[in-house]
Amino acid sequence: MATYSDCLKGEGTFMFNVVSKKTPRLDAEAKVKGLEKFASDIALPGMLYAVVLRSPYPHAEILRIDTSEAEAMGAVCLTPDDVPDVLYNERGVSIPAKTYRDRRVLPRKARHYGEAIAAVAAESEELAWKALKALKVEYKVLPPVLDPIKAIEPESAQLYERVFFGEEEIAIKNNIACEREITVGDADKAIASSDFVVEEEYELPRVYHFQLETKSAVCNPEPDGSLTIWCTTQSIHNVRILIGSIFGIPLSKVNVKKIPVGGSFGSSIQMNSIIPICAALALKAHRPVKLVSSREEDMYDHCKYPSRIRLRVGVNKDMSIQGVEAEVLVDIGAHQIQAYPLLGSMAGWLVSLYKWKNIKYRSRAIYTNKVPACAMQGYGNPQMNFAVESHVDLICEKCGFDPIEFRLKNHVGIGDEFWGQGPTVRSIIKSCGLEESLKTGSELINWKERGHPINKTGRYRRGIGLARGFHTSSAGAPGPAEVIDYSGATVKVNEDGSVDVLTAVMDLGGGTWDAIAKIVAEVLGLPLEKVSLSPVDTRTTVYDVCTHASRGVFAGGGAAYKAAQEVKRKILEVSSVFLQEHPENLELVFDPKRNDAVIRPKGVPFKSMTLGEVARNAMVTGLGSIAATVSFRQKTCPPSFVTNFVEVEVDTFTGIVKLLRAVCIADCGTPINPDGVKGQLIGSLARYGGYALCEETEYSEQGRLKCEGFITDNKIFTTEEMPFLNNIVVHFTNTYEPTGPLGAKGIGEAAGNSVASAIANAVYNAIGIRFTRLPITPEKVLEALRGKEA
């Protein structure tokens, strides 16, 4: 099999012309000039402006809302009485039978501070805010439940009495939203008979996504009774399906436009809570309505899943793992945005890291009166990775094992089974660059010279740490699973030989649209400038589940690849009429002299036609347009592997941990956009540097964020905390994924899953203190140092 490097050199089965080459971003000029239109930029004639009334209590019943004064001002008001009493789940990527539903457009009981309970729309934002202040609400304040451990006690207030699981109404007891248990072999027996048993508990914080764009929606009721929507989303089709279901509108009458998204980090996998509010206002007013969330509102809308993970692992003297017991508790906040598949996915991330042999996994998701938690860059993977990779270093420390040798001996690799999104999404690994990444990274970071913490003294102490991780490329599986995963694409040859690509796949800023254009250009032998992604919507595209699970290139690009292959077949078929050759004797190649795709008999380069000539002749002779539409499901979910080596410096006087150097090594198969992959790795270093060292959205006893939703009081990593670029090394392993488009796998979430683990391990190497709870703030470092001295 040809490798990625072979193909770049022309030594494999083919040589890339566009793929893996550095090219300008298709959207670069529009973004640099501020011409890109996001949802908040959409303006329509006669548009009303909406604002939302949010609960000032973390737990309260809404007894009455008086809208009379607001309506007297000319405002359109929306209360629970004005919306369908429909329970839904905003995250539409699981099959209905495995989906919990506990959300309403506007509830009669607020379950977290800042939850939307009413809305108004008016001719201007100023009038809308004035009308909002005129609403009079009568509440019955209830005791809040903020600690997930206390939440399960019988005497605690209950957030829900009953919810739906699939079509079955079920009772909620002790605020336990859902549970999952998975057993493989006999972990208790295996651990008990092991030479070493190592046990520890890890805790991961609640953090805000901090994407650039807050949530926005514009909804326009059309003259034909349909509804057009522009919104912040990672899935235009799932928004369409949910809006149709909630309001009882045929999907043919709901049209969601595909527009750019200003970052998301998973916060828009679900249909954002303001979208159905905006739709309801537009339907009531019979006018277009615009609703834009402030940063404070957005911070009270979603967060990362905070988790507590206890691990007990049995290991023998030959470094072989005998078994693992894992207990997971997740605080999901006020609503279940698919916590059930999260618990399954966290089991998958555990199972697929190492060959445990015997596994005992128990997990619970707990309701609390806090901001609802949802997917954020890894869907439980960074949480599980921090626990496991910290635990692996702890095992090596206690048992005297070499951390790299231990990982090489026990990792899950080629030929092993991988769980892509829980126990029902499994496939066999066919490409793996982990071994290369560990060996190369250890050389680049000078691993053998890292020293032991006991020998490090002085105010400033340096340490080197490593962690390895992965993420799935889609949720594809050989058979039906709990997760919906398929994509679609249309590829159409225009009459001049240029090509339009129509796809519902969203680009969250990482260059997915560029990658899809490059894949199509590569298959059809075209220069990139002759391939365009068409402006589309849910009426002009076939279904794509969502840009999540690092599936954009592998699954979305895979659908475009299949469509391009079908178009290529049709091109050769049509060309055979004009060249008077059998299609099997023809080839479609890129001609650098003409800078165009040409069709020619194999081995006869002087007898050829450009794709434009073929397309024009097909039009003139009535052979028709050359196009193909496919709906495609990947049947595998290959993991992309990333290994992070970092060097930190700990100031023992101030407790500040400084990130000095990093080596990021990625196995993503063929990197379609090399610069994009590099940017993803460096960006994830920043993102998860903050997760490791400073980020946490803490709560007061009153159930409010201590930062009050202000970003100035919620510290995140910036360029000030990052290493200089010349101290960051990015390396691609030499792999090729046989099931991916042109050998590609995903990279998005894999880039960051092991960063925090590597930083924590480096801190231990510097000062000999292992932190099991993130973030590792200066206060915690100083407290731990004082404890160590005592």
# chains A, B, ... in the order shown; residues from 1 in each chain; ligands from 1
$ select_by_dssp --residues "range 427-597 of chain A" --states "strand (DSSP E or B)" --output "ChimeraX atom specification"
/A:427-428,460-471,483,487-493,499-502,531-533,537,586-591,596-597
$ select_by_dssp --residues "range 174-348 of chain A" --states "helix (DSSP H, G or I)" --output "PyMOL selection string"
chain A and resi 187-192+236-247+251-253+274-285+295-299+339-348
$ residues_around --residues "Phe406 in chain A" --least-positions-apart "6" --cutoff "9 Å" --atoms "only C-alpha atoms" --output "list of chain:residue names"
A:Met319, A:Ser320, A:Val392, A:Cys396
$ write_last_selection --atoms "C-alpha atoms" --output "PDB file, in the first residue's frame"
ATOM      1  CA  MET A 319       4.204  -4.314  32.119  1.00  0.00           C
ATOM      2  CA  SER A 320       1.091  -6.121  30.885  1.00  0.00           C
ATOM      3  CA  VAL A 392      -0.479   5.515  33.169  1.00  0.00           C
ATOM      4  CA  CYS A 396       4.945   3.781  35.666  1.00  0.00           C
TER       5      CYS A 396
END
$ closest_atom_pairs --of "range 11-129 of chain A" --to "range 138-158 of chain A" --cutoff "12 Å" --atoms "only C-alpha atoms" --output "CSV"
residue,atom,partner,partner_atom,distance
A:Ser55,CA,A:Tyr139,CA,9.4
A:Pro56,CA,A:Tyr139,CA,9.8
A:Tyr57,CA,A:Val141,CA,7.2
A:Pro58,CA,A:Pro144,CA,6.1
A:His59,CA,A:Leu142,CA,5.2
A:Ala60,CA,A:Val141,CA,4.3
A:Glu61,CA,A:Lys140,CA,5.0
A:Ile62,CA,A:Tyr139,CA,4.9
A:Leu63,CA,A:Glu138,CA,5.4
A:Arg64,CA,A:Glu138,CA,5.1
A:Ile65,CA,A:Glu138,CA,6.5
A:Asp66,CA,A:Glu138,CA,8.6
A:Thr67,CA,A:Glu138,CA,11.9
A:Arg108,CA,A:Tyr139,CA,9.9
A:Lys109,CA,A:Tyr139,CA,9.1
A:Ala110,CA,A:Val141,CA,9.5
A:Arg111,CA,A:Pro144,CA,8.4
A:His112,CA,A:Pro144,CA,8.5
A:Tyr113,CA,A:Pro144,CA,9.9
A:Ile117,CA,A:Tyr139,CA,11.1
$ closest_residue --among "A:Phe196, A:Tyr340, A:Tyr367, A:Tyr202" --to "Ser94 in chain A" --atoms "only C-alpha atoms"
A:Tyr340
$ residues_around --residues "Pro107 in chain A" --least-positions-apart "6" --cutoff "10 Å" --atoms "only C-alpha atoms" --output "PDB file with N, CA, C and O atoms, in the first residue's frame"
ATOM      1  N   GLU A  61     -40.473  27.735  39.673  1.00  0.00           N
ATOM      2  CA  GLU A  61     -41.656  27.562  38.831  1.00  0.00           C
ATOM      3  C   GLU A  61     -42.123  28.932  38.352  1.00  0.00           C
ATOM      4  O   GLU A  61     -42.092  29.908  39.116  1.00  0.00           O
ATOM      5  N   ILE A  62     -42.539  29.004  37.085  1.00  0.00           N
ATOM      6  CA  ILE A  62     -43.091  30.244  36.545  1.00  0.00           C
ATOM      7  C   ILE A  62     -44.612  30.154  36.685  1.00  0.00           C
ATOM      8  O   ILE A  62     -45.264  29.381  35.986  1.00  0.00           O
ATOM      9  N   THR A  79     -44.611  33.559  25.433  1.00  0.00           N
ATOM     10  CA  THR A  79     -44.556  32.887  26.730  1.00  0.00           C
ATOM     11  C   THR A  79     -44.792  31.400  26.506  1.00  0.00           C
ATOM     12  O   THR A  79     -45.087  30.973  25.375  1.00  0.00           O
ATOM     13  N   PRO A  80     -44.698  30.587  27.557  1.00  0.00           N
ATOM     14  CA  PRO A  80     -44.978  29.147  27.383  1.00  0.00           C
ATOM     15  C   PRO A  80     -46.357  28.866  26.783  1.00  0.00           C
ATOM     16  O   PRO A  80     -46.550  27.834  26.133  1.00  0.00           O
ATOM     17  N   ASP A  81     -47.302  29.790  26.969  1.00  0.00           N
ATOM     18  CA  ASP A  81     -48.646  29.592  26.410  1.00  0.00           C
ATOM     19  C   ASP A  81     -48.666  29.724  24.888  1.00  0.00           C
ATOM     20  O   ASP A  81     -49.629  29.285  24.241  1.00  0.00           O
ATOM     21  N   VAL A  83     -46.255  28.634  22.689  1.00  0.00           N
ATOM     22  CA  VAL A  83     -45.444  27.656  21.948  1.00  0.00           C
ATOM     23  C   VAL A  83     -46.003  26.257  22.170  1.00  0.00           C
ATOM     24  O   VAL A  83     -46.625  25.989  23.203  1.00  0.00           O
ATOM     25  N   ASP A  85     -46.454  22.578  23.360  1.00  0.00           N
ATOM     26  CA  ASP A  85     -45.978  21.884  24.559  1.00  0.00           C
ATOM     27  C   ASP A  85     -45.355  20.551  24.135  1.00  0.00           C
ATOM     28  O   ASP A  85     -45.914  19.474  24.341  1.00  0.00           O
ATOM     29  N   LEU A  87     -41.930  18.080  24.089  1.00  0.00           N
ATOM     30  CA  LEU A  87     -40.623  17.727  24.643  1.00  0.00           C
ATOM     31  C   LEU A  87     -39.702  17.291  23.511  1.00  0.00           C
ATOM     32  O   LEU A  87     -40.085  16.478  22.665  1.00  0.00           O
ATOM     33  N   GLU A 115     -31.907  30.574  32.194  1.00  0.00           N
ATOM     34  CA  GLU A 115     -32.719  29.818  31.238  1.00  0.00           C
ATOM     35  C   GLU A 115     -33.809  30.718  30.652  1.00  0.00           C
ATOM     36  O   GLU A 115     -34.442  31.502  31.356  1.00  0.00           O
ATOM     37  N   ALA A 116     -34.035  30.606  29.353  1.00  0.00           N
ATOM     38  CA  ALA A 116     -35.048  31.415  28.682  1.00  0.00           C
ATOM     39  C   ALA A 116     -36.444  31.019  29.163  1.00  0.00           C
ATOM     40  O   ALA A 116     -36.793  29.840  29.171  1.00  0.00           O
ATOM     41  N   ILE A 117     -37.246  32.034  29.551  1.00  0.00           N
ATOM     42  CA  ILE A 117     -38.612  31.752  29.998  1.00  0.00           C
ATOM     43  C   ILE A 117     -39.648  32.561  29.216  1.00  0.00           C
ATOM     44  O   ILE A 117     -40.839  32.260  29.262  1.00  0.00           O
ATOM     45  N   ALA A 118     -39.216  33.603  28.494  1.00  0.00           N
ATOM     46  CA  ALA A 118     -40.119  34.400  27.661  1.00  0.00           C
ATOM     47  C   ALA A 118     -39.262  35.195  26.679  1.00  0.00           C
ATOM     48  O   ALA A 118     -38.040  35.268  26.817  1.00  0.00           O
TER      49      ALA A 118
END
$ residues_around --residues "range 252-260 of chain A" --least-positions-apart "4" --cutoff "8 Å" --atoms "only C-alpha atoms" --output "PyMOL selection string"
chain A and resi 36-39+225-231+236-237+239-240+243-244+504+506-508+535-539
$ closest_residue --among "A:Ala628, A:Val677, A:Ile728, A:Val763" --to "Leu660 in chain A" --atoms "only C-alpha atoms"
A:Ile728
$ closest_residue --among "A:Asn673, A:Ser216, A:Thr654, A:Asn727" --to "Asp514 in chain A" --atoms "only C-alpha atoms"
A:Asn673
$ residues_around --residues "Leu53 in chain A" --least-positions-apart "5" --cutoff "12 Å" --atoms "only C-alpha atoms" --output "number ranges by chain"
A: 65, 67, 77-79, 106, 110, 113-121, 128-137, 274, 277, 293, 297
$ residues_around --residues "Thr621 in chain A" --least-positions-apart "5" --cutoff "12 Å" --atoms "only C-alpha atoms" --output "ChimeraX atom specification"
/A:574,577-578,614-616
$ write_last_selection --atoms "N, CA, C and O atoms" --output "mmCIF file, in the first residue's frame"
data_model
loop_
_atom_site.group_PDB
_atom_site.id
_atom_site.type_symbol
_atom_site.label_atom_id
_atom_site.label_comp_id
_atom_site.auth_asym_id
_atom_site.auth_seq_id
_atom_site.Cartn_x
_atom_site.Cartn_y
_atom_site.Cartn_z
ATOM 1 N N VAL A 574 -19.033 9.807 -21.480
ATOM 2 C CA VAL A 574 -19.393 10.817 -22.487
ATOM 3 C C VAL A 574 -18.231 11.075 -23.434
ATOM 4 O O VAL A 574 -18.417 11.205 -24.652
ATOM 5 N N VAL A 577 -17.661 8.952 -26.596
ATOM 6 C CA VAL A 577 -18.424 9.252 -27.816
ATOM 7 C C VAL A 577 -17.617 10.151 -28.738
ATOM 8 O O VAL A 577 -17.566 9.949 -29.959
ATOM 9 N N PHE A 578 -16.955 11.166 -28.163
ATOM 10 C CA PHE A 578 -16.231 12.141 -28.980
ATOM 11 C C PHE A 578 -14.845 11.657 -29.379
ATOM 12 O O PHE A 578 -14.354 11.977 -30.464
ATOM 13 N N VAL A 614 -15.324 18.651 -23.501
ATOM 14 C CA VAL A 614 -16.268 17.536 -23.381
ATOM 15 C C VAL A 614 -17.633 18.046 -22.920
ATOM 16 O O VAL A 614 -18.676 17.671 -23.473
ATOM 17 N N ALA A 615 -17.634 18.920 -21.882
ATOM 18 C CA ALA A 615 -18.897 19.430 -21.342
ATOM 19 C C ALA A 615 -19.658 20.240 -22.381
ATOM 20 O O ALA A 615 -20.888 20.122 -22.500
ATOM 21 N N ARG A 616 -18.944 21.077 -23.143
ATOM 22 C CA ARG A 616 -19.617 21.888 -24.175
ATOM 23 C C ARG A 616 -20.179 21.013 -25.283
ATOM 24 O O ARG A 616 -21.291 21.229 -25.780
#
$ closest_residue --among "A:Val483, A:Ala467, A:Ile321, A:Leu725" --to "Val425 in chain A" --atoms "only C-alpha atoms"
A:Val483
$ atom_distance --atom1 "CA of Cys668 in chain A" --atom2 "CA of His209 in chain A"
24.3 Å
$ atom_distance --atom1 "CA of Gly511 in chain A" --atom2 "CA of Gly262 in chain A"
12.1 Å
$ closest_residue --among "A:Ile656, A:Leu212, A:Ile464, A:Val207" --to "Pro778 in chain A" --atoms "only C-alpha atoms"
A:Ile656
